[in-house]
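For reference, the structure discussed in these notes is given below.
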Amino acid sequence: MSFLSGLFGSSKPEAEKEPSASADLFNSTTFRSNVNPSPSPSDASASSSSSSSSIPQPPSNASPVPAVSQPAPTALDAFSTSFDAARLHPLAGLSDNLELLQLDEDKLTEIEGAASVLPSRGWTDDLCVGTGTTYLSGLVLGGMWGAKEGLSRPLGNNPSFKLRINSILNGCTRRGSFTGNSLGVLAIFYNLANSSLDSVRGKHDAYNAMGAAALSGAIYKSSAGLRPALVGAGLMTAAAGGWSAFKTMV
Amino acid sequence: MSHGDHSRDPCPYVILNDFGGAFSMGAIGGGIWHGIKGARNSPRGERFVGSLSAIKARAPVLGGNFGVWGGLFSSFDCAVKGYRQKEDPWNAIISGFLTGGSLALRAGPRSAFGSAVGCGILLGVFEGVGVLMNRMMAQPIPQMQLPEQAPATPAVSA
């Protein structure tokens with residue numbers, strides 16, 4: 001038991017490190033909210049509901065409160081509603097489970113044209129995400145293929161429900177793992193070739209993707225002979241070219 | 001440990017990353033492993049062919065096993081995190097339990113439960129070792145943090 005209590009005791013100092021940072025942020029915002037003291041909740045909700053139209057508000061807002069020792073209005077005051085403490089309250093309350101996609105900027109990939117849907121931290125991230133996506137889609141597609149096969153397989157007359165379920169599951173695991181594994185290996189080859197080409201050429205474009213596709217198709221089919229390797233390379237190149245054209249069109 | 005860990009993607013996307021990472025690890029590691037094994041097990045003169053055929057036959061399967069395990073574990077981890085709304089070693093233990101159970105589901109409930117318990121214990125050992133390492137590494141930090149922490153806390157409530 002002392003082991004278990006030690007298990008959970010250790011995570012506390014780490015977790016309490018962050019509220020101090022958010023407390024700093026919070027202090028700086030309360031300091032600024034002196035400009036318009038105690039905004040009514042309706043005002044705060046109105047300004048938060050229409051954030052773009054809230055910028056011209058401060059002049060009308062500031063006219064009743066010039067007595068509060070306000071210095072000469074500066075450009076910063078025009079944005080004072082956006083630093084309103086009432087609007088930052090939810091953020092301060094949220095700080096514990098606020099999850100942001102924070103990636104270290106200097107670690108992001110700096111090859112031009114390589115930015116995609118998800119930010120990537122380099123070739124390992126590309127490899128993992130690309131392979132994972134391909135493998136998972138292969139698994140799902142193959143599973144559907146196997147399910148269809150298992151559903152339509154003849155099982156003699158009047159098969160029981162259990163037998164049918166077993167047939168479907170067998171089909172899923174056979175076709176799904178086959179498709180997923182093949183596509184996954186192909187994706188590993190493709191991503192490795194793509195990242196290598198990126199780093200060699202220093203940029204990323206459609207030719208790069210097509211070259212990587214040709215290389216990966218050739219490697220994938222290399223043990224079957226020269227002709228299948230060339231066919232595989234051609235197919236993969238066509239697929240990559242089509243995908244690149246689709247991406248530029250959309 | 002969770003909030004400091006911003007080197008990984010947020011939850012739904014990390015599943016893809018884990019799937020791919022586990023699959024690549026299994027496939028590449030399986031390629032090396034079965035390459036050596038296939039070469040050793042084939043007669044002299046056919047070592048390369050034997051190694052290649054062993055890689056082709058076994059490495060993707062090993063990658064698939066790794067990938068399914070890792071992806072399932074990551075999915076369960078995200079689901080458990082979303083349900084419990086906290087991050088502690090129990091997340092990994094629970095998701096290890098669920099992963100082991102669901103992978104052995106077709107072998108019957110008894111076998112599934114045994115596999116689930118085994119996986120949960122394994123993950124518990126991993127997490128325990130990780131936490132112990134963390135405590136040994138991070139020993140001096142709390143003493144420096146606490147004095148600074150004390151004045152900052154009332155400011156939040158004020």
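By order in the structure tokens, chains are A, B, ...; within a chain, residues start at 1; ligands start at 1, following the order shown.
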
Applying 8 Å and only C-alpha atoms, which residues near segment 18-28 of chain B remain after dropping the ones on its own chain fewer than 3 positions away? List them as a PyMOL selection string. (chain A and resi 127-133+135-136+184-185+188) or (chain B and resi 14-15+31-32+59-71+74)

Have a look at atom CA of Asp126 of chain A and atom CA of Gly234 of chain A and let me know their distance in Å, one decimal. 23.4 Å

Quick one: residues within 8 Å of segment 205-220 of chain A, only C-alpha atoms counted, chain neighbours fewer than 6 positions away excluded, as number ranges by chain? A: 113-114, 186, 189-191, 193-194, 197-198, 229-238, 240-241, 244
